[in-house]
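Q: Dropping in input.tsv, which is TSV, C-alpha atoms and all ligand atoms:
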```tsv
chain	number	residue	atom	x	y	z
A	1	MET	CA	11.10	0.22	-2.27
A	2	SER	CA	11.28	0.45	1.51
A	3	ASN	CA	9.44	-1.62	4.14
A	4	PRO	CA	5.74	-2.12	3.57
A	5	TYR	CA	3.28	0.03	5.49
A	6	ASP	CA	0.68	-1.82	7.55
A	7	ILE	CA	-1.99	0.17	5.68
A	8	ILE	CA	-1.98	2.43	2.67
A	9	ILE	CA	-5.05	4.66	2.72
A	10	ILE	CA	-6.36	5.95	-0.60
A	11	GLY	CA	-8.12	9.29	-0.14
A	12	GLY	CA	-7.68	11.97	2.51
A	13	GLY	CA	-11.36	12.70	3.24
A	14	PRO	CA	-13.16	12.09	6.57
A	15	ALA	CA	-12.87	8.28	6.18
A	16	GLY	CA	-9.18	8.34	5.20
A	17	MET	CA	-8.12	10.88	7.83
A	18	ALA	CA	-10.06	9.17	10.63
A	19	THR	CA	-8.31	5.91	9.63
A	20	ALA	CA	-4.93	7.66	9.65
A	21	TYR	CA	-5.56	9.09	13.11
A	22	MET	CA	-6.70	5.70	14.46
A	23	CYS	CA	-3.57	4.04	13.01
A	24	HIS	CA	-1.43	6.78	14.56
A	25	LYS	CA	-3.03	6.18	17.96
A	26	GLN	CA	-2.81	2.40	17.71
A	27	GLY	CA	0.79	2.23	16.49
A	28	LEU	CA	0.11	0.88	12.97
A	29	SER	CA	2.31	2.22	10.17
A	30	TYR	CA	0.30	3.96	7.45
A	31	LEU	CA	0.44	6.43	4.59
A	32	VAL	CA	-2.45	8.49	3.18
A	33	LEU	CA	-2.33	9.10	-0.58
A	34	GLU	CA	-4.53	12.00	-1.66
A	35	SER	CA	-4.93	13.06	-5.29
A	36	GLY	CA	-5.82	16.66	-4.41
A	37	LYS	CA	-3.50	19.38	-3.26
A	38	ALA	CA	-4.68	19.08	0.35
A	39	ILE	CA	-6.62	16.75	2.62
A	40	PHE	CA	-10.44	16.92	2.44
A	41	GLN	CA	-10.10	17.87	-1.22
A	42	GLY	CA	-13.31	16.01	-2.05
A	43	ILE	CA	-15.26	18.22	0.35
A	44	ALA	CA	-13.41	21.38	-0.75
A	45	ASN	CA	-14.37	20.59	-4.37
A	46	THR	CA	-18.03	19.70	-3.85
A	47	TYR	CA	-19.41	21.93	-1.07
A	48	PRO	CA	-20.60	25.37	-2.16
A	49	GLN	CA	-18.74	28.29	-0.56
A	50	GLY	CA	-20.01	29.10	2.94
A	51	LYS	CA	-22.05	25.88	3.24
A	52	LEU	CA	-22.72	24.82	6.82
A	53	VAL	CA	-21.41	21.39	7.79
A	54	TYR	CA	-23.84	19.39	9.92
A	55	PRO	CA	-22.83	16.61	12.33
A	56	SER	CA	-25.70	14.55	10.89
A	57	LYS	CA	-26.32	11.08	12.25
A	58	PRO	CA	-28.76	8.53	10.81
A	59	LYS	CA	-31.86	8.31	13.04
A	60	ASP	CA	-31.40	4.64	13.84
A	61	ALA	CA	-27.62	4.84	14.53
A	62	PRO	CA	-26.90	3.80	18.11
A	63	GLU	CA	-23.32	5.02	18.39
A	64	PRO	CA	-21.80	8.45	18.80
A	65	PHE	CA	-19.04	9.66	16.45
A	66	LEU	CA	-16.26	7.16	17.24
A	67	VAL	CA	-13.42	9.51	16.23
A	68	GLU	CA	-14.61	12.56	18.13
A	69	GLU	CA	-11.64	14.69	16.99
A	70	LEU	CA	-12.94	14.88	13.38
A	71	ARG	CA	-16.61	15.34	14.23
A	72	PRO	CA	-18.17	18.54	12.82
A	73	PRO	CA	-19.22	20.80	15.76
A	74	ASP	CA	-22.80	20.60	17.11
A	75	LYS	CA	-23.38	24.22	16.20
A	76	PRO	CA	-22.81	23.99	12.42
A	77	VAL	CA	-19.84	25.94	11.08
A	78	THR	CA	-19.04	26.88	7.47
A	79	VAL	CA	-17.15	24.39	5.33
A	80	GLU	CA	-14.18	26.81	5.29
A	81	SER	CA	-13.88	26.78	9.12
A	82	TYR	CA	-14.33	23.01	9.32
A	83	LEU	CA	-11.57	22.51	6.72
A	84	GLN	CA	-9.30	24.90	8.60
A	85	TYR	CA	-9.93	23.06	11.88
A	86	VAL	CA	-9.21	19.66	10.30
A	87	GLN	CA	-6.03	20.93	8.66
A	88	HIS	CA	-4.73	22.25	12.00
A	89	PHE	CA	-5.61	19.00	13.70
A	90	VAL	CA	-3.79	16.91	11.07
A	91	GLN	CA	-0.71	19.15	11.28
A	92	HIS	CA	-0.74	19.05	15.05
A	93	GLU	CA	-0.89	15.23	15.07
A	94	ASN	CA	1.73	15.13	12.31
A	95	LEU	CA	-0.20	12.52	10.31
A	96	ASN	CA	1.60	10.90	7.40
A	97	ILE	CA	0.08	12.18	4.14
A	98	GLN	CA	1.27	12.52	0.58
A	99	THR	CA	-0.86	14.89	-1.50
A	100	ASP	CA	-0.92	15.35	-5.32
A	101	THR	CA	-0.71	11.58	-5.64
A	102	ALA	CA	-3.43	9.79	-7.58
A	103	PHE	CA	-4.09	6.12	-6.93
A	104	GLU	CA	-4.07	4.00	-10.09
A	105	ASP	CA	-3.88	0.28	-9.33
A	106	ILE	CA	-3.01	-2.50	-6.88
A	107	ARG	CA	-0.71	-5.42	-7.66
A	108	ASP	CA	-0.49	-8.62	-5.66
A	109	GLU	CA	3.05	-9.54	-4.60
A	110	ARG	CA	4.35	-12.57	-2.74
A	111	ASP	CA	4.75	-10.56	0.47
A	112	GLY	CA	1.82	-8.12	0.28
A	113	LEU	CA	0.40	-5.52	-2.07
A	114	THR	CA	1.95	-2.85	-4.26
A	115	VAL	CA	-0.03	0.33	-4.73
A	116	VAL	CA	0.60	1.98	-8.10
A	117	THR	CA	0.16	5.78	-8.17
A	118	SER	CA	0.91	8.76	-10.38
A	119	ARG	CA	3.99	9.34	-8.18
A	120	GLY	CA	5.49	5.85	-7.99
A	121	ASN	CA	4.76	2.59	-6.19
A	122	PHE	CA	4.27	1.88	-2.47
A	123	LYS	CA	4.17	-1.43	-0.59
A	124	ALA	CA	1.55	-2.32	1.99
A	125	ARG	CA	0.15	-5.25	3.92
A	126	LYS	CA	-3.40	-3.88	3.56
A	127	VAL	CA	-4.97	-1.23	1.34
A	128	LEU	CA	-7.95	0.88	2.34
A	129	LEU	CA	-9.98	2.47	-0.45
A	130	ALA	CA	-11.49	5.67	0.98
A	131	PHE	CA	-11.80	7.64	-2.24
A	132	GLY	CA	-15.42	8.70	-1.77
A	133	SER	CA	-18.25	8.53	-4.27
A	134	ASN	CA	-17.24	11.25	-6.75
A	135	ILE	CA	-14.60	9.94	-9.08
A	136	PRO	CA	-13.80	12.46	-11.85
A	137	ARG	CA	-14.34	11.01	-15.31
A	138	GLU	CA	-11.27	10.53	-17.48
A	139	LEU	CA	-11.04	12.03	-20.98
A	140	SER	CA	-11.44	9.21	-23.45
A	141	VAL	CA	-8.94	10.06	-26.16
A	142	TYR	CA	-6.67	7.93	-28.32
A	143	GLY	CA	-3.00	7.83	-27.46
A	144	ASP	CA	-0.89	7.61	-24.35
A	145	ALA	CA	-0.94	11.18	-23.03
A	146	LYS	CA	-4.05	11.60	-20.88
A	147	MET	CA	-3.18	13.55	-17.76
A	148	VAL	CA	-5.12	16.79	-17.63
A	149	ALA	CA	-6.34	18.75	-14.59
A	150	LYS	CA	-9.87	17.93	-13.38
A	151	ASN	CA	-10.37	21.15	-11.47
A	152	VAL	CA	-8.62	24.43	-10.87
A	153	ASP	CA	-6.87	24.88	-7.53
A	154	ASP	CA	-4.88	27.95	-8.55
A	155	PRO	CA	-6.21	29.98	-11.52
A	156	ALA	CA	-2.96	32.01	-11.53
A	157	LYS	CA	-1.24	28.91	-13.02
A	158	TYR	CA	-2.95	29.75	-16.32
A	159	ILE	CA	-1.66	33.32	-16.59
A	160	GLY	CA	0.11	33.97	-19.90
A	161	VAL	CA	-1.19	30.82	-21.63
A	162	LYS	CA	-4.12	30.00	-23.86
A	163	THR	CA	-6.25	27.81	-21.62
A	164	LEU	CA	-8.74	25.14	-22.65
A	165	VAL	CA	-11.66	24.22	-20.38
A	166	ILE	CA	-13.68	21.16	-21.47
A	167	GLY	CA	-17.22	20.42	-20.26
A	168	GLY	CA	-20.63	21.98	-20.71
A	169	GLY	CA	-22.04	22.26	-17.18
A	170	ASN	CA	-21.89	24.49	-14.12
A	171	THR	CA	-18.56	23.11	-12.87
A	172	ALA	CA	-16.87	23.89	-16.19
A	173	ALA	CA	-18.50	27.33	-16.22
A	174	ASP	CA	-17.22	28.05	-12.69
A	175	VAL	CA	-13.70	27.13	-13.79
A	176	VAL	CA	-14.01	29.36	-16.88
A	177	ILE	CA	-15.20	32.26	-14.69
A	178	ALA	CA	-12.35	31.77	-12.16
A	179	VAL	CA	-9.65	31.69	-14.87
A	180	LEU	CA	-11.18	34.63	-16.83
A	181	LYS	CA	-11.36	36.72	-13.66
A	182	THR	CA	-7.74	36.04	-12.67
A	183	LYS	CA	-6.52	36.75	-16.21
A	184	ARG	CA	-8.50	40.01	-16.33
A	185	GLU	CA	-7.24	41.15	-12.94
A	186	GLN	CA	-3.65	40.51	-14.01
A	187	ASN	CA	-4.06	42.14	-17.46
A	188	ASP	CA	-3.42	38.86	-19.27
A	189	ASP	CA	-5.04	38.97	-22.72
A	190	GLN	CA	-4.53	35.26	-23.53
A	191	PRO	CA	-7.99	33.75	-24.06
A	192	VAL	CA	-9.85	30.96	-22.34
A	193	TYR	CA	-11.31	28.46	-24.83
A	194	TRP	CA	-14.44	26.76	-23.57
A	195	ALA	CA	-15.22	23.52	-25.41
A	196	HIS	CA	-18.20	21.21	-25.16
A	197	MET	CA	-19.06	18.14	-27.22
A	198	SER	CA	-22.66	19.20	-27.65
A	199	GLU	CA	-23.79	22.34	-29.50
A	200	LYS	CA	-25.43	23.75	-26.35
A	201	PHE	CA	-23.86	24.61	-23.00
A	202	ASP	CA	-26.03	23.70	-20.02
A	203	VAL	CA	-25.62	26.04	-17.05
A	204	ASN	CA	-28.06	27.41	-14.50
A	205	LYS	CA	-29.27	31.01	-14.54
A	206	GLU	CA	-27.10	32.19	-11.65
A	207	THR	CA	-23.91	30.77	-13.22
A	208	ALA	CA	-24.85	32.21	-16.62
A	209	GLN	CA	-25.27	35.63	-14.99
A	210	ARG	CA	-21.84	35.48	-13.35
A	211	LEU	CA	-20.27	34.38	-16.65
A	212	GLY	CA	-22.04	37.18	-18.53
A	213	GLU	CA	-20.78	39.70	-16.01
A	214	GLU	CA	-17.20	38.43	-16.39
A	215	ILE	CA	-17.43	38.73	-20.19
A	216	LEU	CA	-18.83	42.27	-19.98
A	217	LEU	CA	-15.96	43.24	-17.69
A	218	GLY	CA	-13.55	42.23	-20.45
A	219	GLY	CA	-13.05	38.46	-20.01
A	220	ASN	CA	-11.48	37.05	-23.17
A	221	ILE	CA	-13.42	33.87	-23.99
A	222	ARG	CA	-13.70	31.76	-27.16
A	223	LEU	CA	-16.56	29.30	-27.27
A	224	LEU	CA	-16.06	25.96	-29.00
A	225	PRO	CA	-19.46	24.20	-29.15
A	226	GLY	CA	-19.49	20.78	-30.82
A	227	ALA	CA	-15.78	20.20	-30.14
A	228	THR	CA	-14.47	16.69	-29.41
A	229	PRO	CA	-11.20	15.81	-27.65
A	230	ARG	CA	-9.60	13.23	-29.94
A	231	ILE	CA	-5.94	12.45	-29.36
A	232	GLY	CA	-3.43	12.66	-26.54
A	233	GLU	CA	0.01	12.79	-28.07
A	234	VAL	CA	3.57	13.63	-27.18
A	235	ASP	CA	5.09	16.21	-29.57
A	236	ASN	CA	8.66	16.41	-30.89
A	237	GLU	CA	9.71	18.41	-27.86
A	238	GLY	CA	8.34	15.79	-25.47
A	239	ILE	CA	5.32	17.89	-24.47
A	240	ASP	CA	2.02	16.08	-23.86
A	241	ARG	CA	-0.65	17.70	-26.04
A	242	LEU	CA	-4.38	17.32	-26.45
A	243	VAL	CA	-5.80	17.52	-29.95
A	244	ILE	CA	-9.41	18.66	-29.99
A	245	ARG	CA	-11.45	18.60	-33.16
A	246	ILE	CA	-13.52	21.77	-33.49
A	247	ASN	CA	-15.45	21.06	-36.68
A	248	GLU	CA	-15.74	18.56	-39.48
A	249	PHE	CA	-16.66	18.90	-43.18
A	250	LYS	CA	-17.97	15.78	-44.88
A	251	GLN	CA	-16.76	15.66	-48.50
A	252	ALA	CA	-18.47	13.97	-51.42
A	253	ASP	CA	-15.30	12.00	-52.20
A	254	GLY	CA	-15.41	10.38	-48.75
A	255	ILE	CA	-12.29	12.14	-47.51
A	256	ASP	CA	-13.44	14.28	-44.59
A	257	LEU	CA	-11.85	17.57	-43.71
A	258	TYR	CA	-11.62	18.86	-40.19
A	259	HIS	CA	-10.11	21.61	-38.09
A	260	ALA	CA	-8.43	20.83	-34.80
A	261	LEU	CA	-6.57	22.72	-32.10
A	262	SER	CA	-3.67	21.28	-30.14
A	263	PHE	CA	-3.09	22.45	-26.54
A	264	PRO	CA	-0.29	21.52	-24.16
A	265	MET	CA	-2.07	19.25	-21.66
A	266	GLN	CA	-0.89	21.37	-18.79
A	267	ASN	CA	-3.10	24.18	-20.13
A	268	VAL	CA	-6.20	21.96	-20.22
A	269	ILE	CA	-8.83	21.54	-17.49
A	270	ALA	CA	-11.45	18.83	-18.11
A	271	CYS	CA	-14.64	19.18	-16.06
A	272	ILE	CA	-16.58	16.35	-17.61
A	273	GLY	CA	-18.42	15.14	-14.54
A	274	SER	CA	-17.93	12.36	-12.11
A	275	GLN	CA	-18.93	8.74	-11.82
A	276	GLY	CA	-19.39	6.26	-8.99
A	277	PRO	CA	-16.54	3.93	-8.02
A	278	VAL	CA	-17.84	0.80	-9.84
A	279	PRO	CA	-15.41	1.18	-12.82
A	280	ILE	CA	-12.53	1.23	-10.30
A	281	PHE	CA	-13.86	-1.86	-8.52
A	282	ASP	CA	-14.03	-3.58	-11.92
A	283	LYS	CA	-10.48	-2.58	-12.75
A	284	LEU	CA	-9.25	-3.90	-9.40
A	285	GLY	CA	-11.17	-7.18	-9.77
A	286	ILE	CA	-13.34	-6.42	-6.71
A	287	GLN	CA	-16.67	-8.20	-6.95
A	288	THR	CA	-19.94	-6.30	-7.14
A	289	ILE	CA	-23.48	-7.67	-7.26
A	290	ALA	CA	-26.30	-6.26	-9.37
A	291	CYS	CA	-29.56	-5.68	-7.52
A	292	ALA	CA	-32.26	-7.91	-8.92
A	293	SER	CA	-35.90	-6.89	-8.77
A	294	GLY	CA	-37.22	-6.84	-5.19
A	295	VAL	CA	-33.81	-7.57	-3.59
A	296	CYS	CA	-32.64	-4.08	-2.68
A	297	THR	CA	-34.49	-1.42	-0.76
A	298	VAL	CA	-31.99	1.45	-1.05
A	299	ALA	CA	-30.38	0.74	-4.42
A	300	LYS	CA	-32.39	0.54	-7.62
A	301	GLU	CA	-32.79	-2.56	-9.77
A	302	GLY	CA	-29.64	-3.02	-11.87
A	303	ASP	CA	-27.38	-0.94	-9.57
A	304	ARG	CA	-24.14	-2.75	-8.82
A	305	LEU	CA	-23.16	-2.88	-5.17
A	306	VAL	CA	-19.74	-3.81	-3.85
A	307	LEU	CA	-19.56	-7.06	-1.87
A	308	LEU	CA	-17.88	-6.69	1.54
A	309	THR	CA	-17.45	-8.69	4.72
A	310	ALA	CA	-18.72	-7.30	8.02
A	311	ASP	CA	-15.13	-5.97	8.46
A	312	PHE	CA	-15.31	-4.00	5.16
A	313	GLU	CA	-12.89	-6.36	3.37
A	314	SER	CA	-13.62	-6.76	-0.34
A	315	THR	CA	-13.36	-9.97	-2.36
A	316	ARG	CA	-9.80	-8.93	-3.15
A	317	LYS	CA	-7.85	-10.12	-0.12
A	318	GLY	CA	-6.29	-7.36	1.96
A	319	VAL	CA	-8.25	-4.60	0.18
A	320	TYR	CA	-10.90	-2.83	2.28
A	321	VAL	CA	-13.45	-0.18	1.22
A	322	VAL	CA	-15.15	2.42	3.45
A	323	GLY	CA	-16.96	5.77	3.53
A	324	GLY	CA	-18.69	7.45	0.60
A	325	ALA	CA	-17.22	4.82	-1.76
A	326	ILE	CA	-19.75	2.28	-0.42
A	327	SER	CA	-22.74	4.62	-0.05
A	328	PRO	CA	-25.70	4.66	-0.16
A	329	SER	CA	-25.60	0.87	0.30
A	330	PHE	CA	-23.40	-2.19	-0.19
A	331	MET	CA	-23.79	-5.97	-0.08
A	332	LYS	CA	-22.71	-7.35	3.26
A	333	ILE	CA	-21.62	-10.94	3.78
A	334	ALA	CA	-22.58	-11.94	7.30
A	335	ALA	CA	-23.55	-15.23	8.96
A	336	GLY	CA	-23.46	-17.07	5.67
A	337	SER	CA	-25.81	-14.76	3.84
A	338	ILE	CA	-25.53	-11.69	1.63
A	339	GLN	CA	-27.77	-8.71	2.26
A	340	GLU	CA	-27.99	-5.13	1.18
A	341	GLU	CA	-26.69	-2.91	4.00
A	342	LYS	CA	-27.83	0.71	4.23
A	343	HIS	CA	-24.85	3.08	4.42
A	344	PRO	CA	-25.81	6.78	4.30
A	345	ASN	CA	-23.21	9.06	2.73
A	346	LEU	CA	-22.36	11.13	5.81
A	347	ILE	CA	-19.23	12.24	7.63
A	348	TYR	CA	-20.56	10.17	10.56
A	349	THR	CA	-20.58	6.89	8.60
A	350	ALA	CA	-17.19	7.61	7.01
A	351	ILE	CA	-15.61	8.26	10.42
A	352	ASN	CA	-17.21	5.30	12.17
A	353	ASP	CA	-16.24	2.93	9.33
A	354	ALA	CA	-12.65	4.05	9.91
A	355	TYR	CA	-12.85	3.13	13.59
A	356	TYR	CA	-14.12	-0.39	12.84
A	357	VAL	CA	-11.82	-1.08	9.92
A	358	VAL	CA	-8.71	-0.21	11.93
A	359	GLU	CA	-9.87	-2.55	14.73
A	360	ALA	CA	-10.39	-5.33	12.18
A	361	ILE	CA	-7.07	-4.78	10.40
A	362	LYS	CA	-5.21	-4.66	13.70
A	363	LYS	CA	-6.69	-8.03	14.60
A	364	SER	CA	-5.93	-9.50	11.21
A	365	LEU	CA	-2.28	-8.33	11.47
A	366	GLY	CA	-2.09	-9.96	14.90
A	367	ARG	CA	-1.32	-6.74	16.80
B	1	LIG	C1	-22.64	19.36	-1.18
B	1	LIG	C2	-22.51	18.32	-0.09
B	1	LIG	C3	-22.84	18.66	1.19
B	1	LIG	C4	-22.70	17.72	2.24
B	1	LIG	N1	-23.00	18.10	3.52
B	1	LIG	C5	-22.80	17.22	4.54
B	1	LIG	C6	-23.04	17.59	5.90
B	1	LIG	O1	-23.39	18.74	6.20
B	1	LIG	N2	-22.83	16.65	6.89
B	1	LIG	C7	-22.43	15.37	6.60
B	1	LIG	O2	-22.28	14.55	7.52
B	1	LIG	N3	-22.19	14.98	5.30
B	1	LIG	C8	-22.36	15.87	4.29
B	1	LIG	N4	-22.09	15.48	2.98
B	1	LIG	C9	-21.56	14.12	2.74
B	1	LIG	C10	-20.08	13.99	3.17
B	1	LIG	O3	-19.32	15.05	2.65
B	1	LIG	C11	-19.51	12.64	2.71
B	1	LIG	O4	-20.28	11.62	3.29
B	1	LIG	C12	-18.07	12.46	3.15
B	1	LIG	O5	-17.25	13.47	2.61
B	1	LIG	C13	-17.54	11.10	2.71
B	1	LIG	O6	-16.22	10.99	3.16
B	1	LIG	P1	-15.16	10.07	2.42
B	1	LIG	O7	-13.86	10.25	3.16
B	1	LIG	O8	-15.67	8.71	2.26
B	1	LIG	O9	-15.06	10.65	0.93
B	1	LIG	P2	-14.60	12.09	0.39
B	1	LIG	O10	-14.90	13.17	1.35
B	1	LIG	O11	-15.15	12.17	-0.98
B	1	LIG	O12	-13.02	11.97	0.32
B	1	LIG	C14	-12.37	11.16	-0.64
B	1	LIG	C15	-10.98	11.72	-0.92
B	1	LIG	O13	-10.30	10.84	-1.81
B	1	LIG	C16	-9.61	11.57	-2.78
B	1	LIG	N5	-9.47	10.74	-3.98
B	1	LIG	C17	-10.41	10.43	-4.91
B	1	LIG	N6	-9.87	9.65	-5.86
B	1	LIG	C18	-8.57	9.47	-5.53
B	1	LIG	C19	-7.50	8.78	-6.13
B	1	LIG	N7	-7.63	8.09	-7.29
B	1	LIG	N8	-6.28	8.80	-5.52
B	1	LIG	C20	-6.10	9.48	-4.34
B	1	LIG	N9	-7.10	10.16	-3.74
B	1	LIG	C21	-8.31	10.15	-4.32
B	1	LIG	C22	-10.49	12.81	-3.01
B	1	LIG	O14	-9.74	13.90	-3.51
B	1	LIG	C23	-11.03	13.09	-1.60
B	1	LIG	O15	-10.24	14.01	-0.88
B	1	LIG	C24	-22.24	16.39	1.95
B	1	LIG	C25	-21.91	16.06	0.63
B	1	LIG	C26	-22.03	17.02	-0.39
B	1	LIG	C27	-21.68	16.64	-1.80
```
Could you take the file, read its structure, and then write that structure out as structure tokens?

A:
Amino acid sequence: MSNPYDIIIIGGGPAGMATAYMCHKQGLSYLVLESGKAIFQGIANTYPQGKLVYPSKPKDAPEPFLVEELRPPDKPVTVESYLQYVQHFVQHENLNIQTDTAFEDIRDERDGLTVVTSRGNFKARKVLLAFGSNIPRELSVYGDAKMVAKNVDDPAKYIGVKTLVIGGGNTAADVVIAVLKTKREQNDDQPVYWAHMSEKFDVNKETAQRLGEEILLGGNIRLLPGATPRIGEVDNEGIDRLVIRINEFKQADGIDLYHALSFPMQNVIACIGSQGPVPIFDKLGIQTIACASGVCTVAKEGDRLVLLTADFESTRKGVYVVGGAISPSFMKIAAGSIQEEKHPNLIYTAINDAYYVVEAIKKSLGR
């Protein structure tokens, strides 16, 4: 492994990219690791098409946007134009980003930290977690093979193969519609299997209408209600496969019978929802505090909030957390006390966190 970076930034959203730009301006070495295929993937995945992006600022916030270059324009533009603007800006500034790289873990070393990812390990003096608040849930299956897509960036990838979409909600339905449509347009008669653990799919009326339309136009779909992903295994040819049980017959002799399908994992898309970042904080050994009755005003009783210094450093030394990952509130250690700190989930807060965290890290590195 080569020299450590001053900062490795996990997540290429507003917080991560503002941090990268600040590092670039201040002469700190850095690398952004983004799990999606492009920067701002979190926004691209969650904003509806054509949504206007507002430069919202909390009412009581005294400061302007501290990284003006990434600020959404005053006259709101669509998410597509904002993404295009940001992409041009990042290219123009030649910021150091590696996409398609999912963060997995951090290891302490004698001389710094090692960041473990789906594409190898990287060394850093400090790590900034800027992975937002929507962490896709993992499939919980037995076995070692677990890597399946969580969304569809290019439906054409599934041409010519039987595709399995898992999940019962609108996101899964949208993926099914996108793949069916592409297959139909390219005269591909391989079906899309749509599996859900429960017997009933749960989509809104508008999505159901679009799906119905796609089916009437010839979309080849097979529904698998009550199907459960069970095992991730590597077959004799070294291909990772997902075994999904589609029904089960209880027998009087106690030996149950079931049917299952096995799909190459690269043909599987799992849209099984997202979760907050607490499970990742637990995995990394970063301390959180549960809100007791009457203690928190933003969070609810029982919610677990991450514990951070006023400089956004977590209880794991050298690991900082900013942006949506600490919204809508966190526990701040300041002047010897710990208090809940309001932190609205906005592009404004993500960008301004980046400004302050780079100042703090620069100081801590003695630059
Ligand atoms: C529908 C919707 C509309 C909104 N509209 C507005 C608005 O108009 N104005 C406004 O100010 N705010 C708006 N927000 C909120 C705003 O988008 C967020 O506050 C902001 O995106 C948070 O930035 P972030 O960088 O912290 O996180 P994100 O934007 O979520 O970025 C995190 C990035 O990390 C990546 N990532 C996640 N996990 C990993 C991993 N394991 N490894 C590597 N990378 C990873 C993700 O792919 C993503 O690109 C809206 C939010 C939603 C959901």

Q: Take every atom of ligand LIG 1 (chain B) listed in the file, pad by 5 Å on each side, and give me the axis-aligned box centre and edge lengths in Å, one decimal, as JSON.

A:
```
{"center_x": -14.7, "center_y": 13.7, "center_z": 0.1, "size_x": 27.3, "size_y": 21.3, "size_z": 24.8}
```

Q: Do you have, as a tab-separated table, the list of residues of region 99-136 of chain A lying at most 12 Å from region 280-299 of chain A, each with its nearest atom pair and that distance in Å to one decimal, counting only C-alpha atoms and ordered by chain then number?

A:
```
residue	atom	partner	partner_atom	distance
A:Phe103	CA	A:Ile280	CA	10.3
A:Glu104	CA	A:Ile280	CA	8.9
A:Asp105	CA	A:Leu284	CA	6.8
A:Ile106	CA	A:Leu284	CA	6.9
A:Arg107	CA	A:Leu284	CA	8.8
A:Asp108	CA	A:Leu284	CA	10.6
A:Val115	CA	A:Leu284	CA	11.2
A:Val116	CA	A:Leu284	CA	11.5
A:Val127	CA	A:Leu284	CA	11.9
A:Leu129	CA	A:Phe281	CA	9.9
A:Phe131	CA	A:Ile280	CA	10.3
A:Gly132	CA	A:Ile280	CA	11.7
A:Ser133	CA	A:Ile280	CA	11.1
A:Asn134	CA	A:Ile280	CA	11.6
A:Ile135	CA	A:Ile280	CA	9.0
A:Pro136	CA	A:Ile280	CA	11.4
```

Q: How would you report the residues lying within 7 Å of ligand LIG 1 (chain B), as a PyMOL selection string, if you count all atoms listed in the file?

A: chain A and resi 10-16+33-36+39-43+46-48+52-56+101-104+130-135+322-325+345-348+350

Q: Compile the contact shell of Lys183 (chain A) as a VMD selection string: residues with an atom at most 12 Å away, counting all atoms listed in the file, same-chain residues fewer than 5 positions apart removed.

A: chain A and resid 154 to 163 176 to 178 188 to 192 214 to 215 217 to 221

Q: Sorted by chain and rising residue number, list the residues of region 117-227 of chain A at most 12 Å from region 25-29 of chain A (counting only C-alpha atoms), each with its closest atom pair and distance in Å to one decimal, as a Markdown table.

A:
```
| residue | atom | partner | partner_atom | distance |
| --- | --- | --- | --- | --- |
| A:Lys123 | CA | A:Ser29 | CA | 11.5 |
| A:Ala124 | CA | A:Ser29 | CA | 9.4 |
| A:Arg125 | CA | A:Ser29 | CA | 10.0 |
| A:Lys126 | CA | A:Ser29 | CA | 10.7 |
| A:Val127 | CA | A:Ser29 | CA | 12.0 |
```

Q: Could you state the separation of CA of Glu313 (chain A) and CA of Gly276 (chain A) in Å, given to one decimal place?

A: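 A separation of 18.8 Å between them.
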
Q: Would you mind telling me which residue in A:Val32, A:Asn170, A:Ala335, A:Ile351 lies nearest to Phe65 (chain A) when using all atoms listed in the file?

A: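 Of the candidates, the smallest distance to Phe65 (chain A) is held by A:Ile351.
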